[in-house]
Every structure is written in structure tokens, then in C-alpha cells.
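Q: Here you go, work_33.pdb (PDB, C-alpha atoms):
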```
ATOM      1  CA  MET A   1     -14.178 158.843 115.191
ATOM      2  CA  ALA A   2     -14.408 156.059 112.670
ATOM      3  CA  SER A   3     -11.225 154.196 111.948
ATOM      4  CA  LYS A   4     -10.115 153.908 108.363
ATOM      5  CA  ILE A   5     -10.717 150.529 106.788
ATOM      6  CA  ALA A   6      -8.931 149.551 103.584
ATOM      7  CA  SER A   7     -10.879 149.189 100.373
ATOM      8  CA  GLU A   8     -12.440 145.888  99.435
ATOM      9  CA  GLU A   9      -9.805 145.446  96.726
ATOM     10  CA  TYR A  10      -7.044 145.328  99.349
ATOM     11  CA  GLN A  11      -9.135 143.159 101.667
ATOM     12  CA  ASN A  12      -9.321 140.612  98.840
ATOM     13  CA  LYS A  13      -5.573 140.869  98.117
ATOM     14  CA  VAL A  14      -4.795 140.095 101.756
ATOM     15  CA  LYS A  15      -6.769 136.858 101.540
ATOM     16  CA  LEU A  16      -4.459 135.731  98.707
ATOM     17  CA  LEU A  17      -1.226 136.361 100.627
ATOM     18  CA  LYS A  18       0.934 133.463 101.735
ATOM     19  CA  GLU A  19       1.846 133.396 105.425
ATOM     20  CA  ASP A  20       5.453 134.493 104.862
ATOM     21  CA  GLU A  21       4.307 137.393 102.641
ATOM     22  CA  ALA A  22       1.853 138.489 105.337
ATOM     23  CA  ASP A  23       4.594 138.314 107.973
ATOM     24  CA  ARG A  24       6.887 140.517 105.853
ATOM     25  CA  LEU A  25       4.083 143.002 105.358
ATOM     26  CA  LEU A  26       3.415 143.068 109.099
ATOM     27  CA  SER A  27       7.095 143.669 109.802
ATOM     28  CA  ARG A  28       7.058 146.822 107.650
ATOM     29  CA  MET A  29       4.247 148.480 109.623
ATOM     30  CA  SER A  30       5.047 151.748 111.314
ATOM     31  CA  GLY A  31       3.258 154.557 113.089
ATOM     32  CA  LYS A  32      -0.067 153.941 114.781
ATOM     33  CA  LEU A  33      -0.983 150.854 112.784
ATOM     34  CA  PRO A  34       0.980 148.298 114.875
ATOM     35  CA  LYS A  35      -0.336 149.856 118.090
ATOM     36  CA  ARG A  36      -3.923 149.562 116.880
ATOM     37  CA  LEU A  37      -3.269 145.951 115.943
ATOM     38  CA  ASP A  38      -1.721 145.201 119.362
ATOM     39  CA  LYS A  39      -4.643 146.775 121.214
ATOM     40  CA  ASP A  40      -7.146 144.669 119.214
ATOM     41  CA  LYS A  41      -8.722 147.745 117.667
ATOM     42  CA  LEU A  42      -7.941 146.298 114.260
ATOM     43  CA  SER A  43      -7.986 142.765 112.914
ATOM     44  CA  ARG A  44      -4.828 141.314 111.402
ATOM     45  CA  ASP A  45      -6.390 141.255 107.922
ATOM     46  CA  ASP A  46      -7.546 144.876 108.224
ATOM     47  CA  ALA A  47      -4.070 145.954 109.334
ATOM     48  CA  LEU A  48      -2.468 144.070 106.448
ATOM     49  CA  ALA A  49      -4.895 145.604 103.956
ATOM     50  CA  LEU A  50      -4.232 149.106 105.290
ATOM     51  CA  GLN A  51      -0.466 148.564 105.157
ATOM     52  CA  MET A  52      -0.686 147.244 101.601
ATOM     53  CA  GLU A  53      -2.814 150.199 100.520
ATOM     54  CA  LEU A  54      -0.417 152.651 102.176
ATOM     55  CA  GLU A  55       2.595 151.080 100.475
ATOM     56  CA  ASP A  56       0.865 151.223  97.077
ATOM     57  CA  GLU A  57       0.042 154.914  97.594
ATOM     58  CA  ARG A  58       3.652 155.679  98.543
ATOM     59  CA  LEU A  59       4.946 153.727  95.545
ATOM     60  CA  ASN A  60       2.674 155.632  93.166
ATOM     61  CA  GLU A  61       3.797 158.962  94.652
ATOM     62  CA  TRP A  62       7.427 157.924  94.262
ATOM     63  CA  ARG A  63       6.836 156.935  90.624
ATOM     64  CA  GLU A  64       5.250 160.314  89.895
ATOM     65  CA  ARG A  65       8.200 162.158  91.460
ATOM     66  CA  MET A  66      10.693 160.046  89.499
ATOM     67  CA  ALA A  67       8.821 160.724  86.258
ATOM     68  CA  LYS A  68       9.005 164.465  86.947
ATOM     69  CA  ILE A  69      12.705 164.242  87.722
ATOM     70  CA  LYS A  70      13.419 162.237  84.593
ATOM     71  CA  SER A  71      11.391 164.581  82.366
ATOM     72  CA  GLY A  72      13.152 167.587  83.925
ATOM     73  CA  SER A  73      16.621 166.167  83.340
ATOM     74  CA  LYS A  74      15.925 165.511  79.644
ATOM     75  CA  LYS A  75      15.274 169.208  78.951
TER      76      LYS A  75
END
```
Take the structure in the file and give it back as C-alpha cells.
A:
Amino acid sequence: MASKIASEEYQNKVKLLKEDEADRLLSRMSGKLPKRLDKDKLSRDDALALQMELEDERLNEWRERMAKIKSGSKK
């Protein structure tokens, strides 16, 4: 079973994060991601990149749902 690694785009974004931004991103981790980080199955940068990618995916899904809601309420 290969573990998921974030895309190179997110790996590069993580390198540009300030320390306090990285700490906030780490604090928002949930599910299996913090456990994998604690057990050294994942590097800190990989975990940050995965969290950032996950948050972007969730944000895009939320935006799509809001657009549907807004277009439905205008009819």
C-alpha cells in the first residue's frame, strides 16, 4: 500500500510557508494524518502539503455547492 504524497505544486507551496503559517496548518490536521506524522511515516513537509491540498479540495467543493445554492435561489 503506497501512501499518498501531495503533488509537487503543494510541496513547493509548503517550502514558502512561514513558521507560524506552518504551525497553524499543522494544528488543523485531523484524521489519520497527524498519526502518520507522529509515527514518522510521513515527513513534516509531506504532511503539510497533504493538509494544504485537502483544504484546497474542500474549499473548492464548498464553492461549487454555494454557487449551486445561489443559482437555485435566484430562480
Q: Excluding range 50-62 of chain A and its own-chain neighbours fewer than 5 positions away, which residues fall within 10 Å of it when counting only C-alpha atoms? Please give them as a PyMOL selection string.
A: chain A and resi 4-7+9-11+13-14+22+25-26+28-30+33-34+44-45+67-68
Q: Need the shell around Leu42 in chain A: protein/DNA/RNA residues with any atom at most 9 Å away, counting only C-alpha atoms. Skip same-chain ones fewer than 5 positions apart. Format as an MDAnalysis selection string?
A: chainID A and resid 3 33 36:37 47
Q: Let me have the centre and edge lengths of the axis-aligned box enclosing all listed atoms of range 24-36 of chain A with 8 Å padding on every side, in Å to one decimal, as JSON.
A:
```
{"center_x": 1.6, "center_y": 147.5, "center_z": 111.7, "size_x": 27.0, "size_y": 30.0, "size_z": 28.7}
```
Q: Of the candidates A:Gly31, A:Ala49, A:Ser71, A:Asp40, which shows the shortest atom-to-atom distance to Leu17 in chain A, using all atoms listed in the file?
A: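 The shortest atom-to-atom distance to Leu17 in chain A comes from A:Ala49.
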Q: Would you mind reading off the distance between CA of Asp23 in chain A and CA of Leu48 in chain A, one decimal, in Å?
A: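 Spanning CA of Asp23 in chain A to CA of Leu48 in chain A is a straight-line distance of 9.2 Å.
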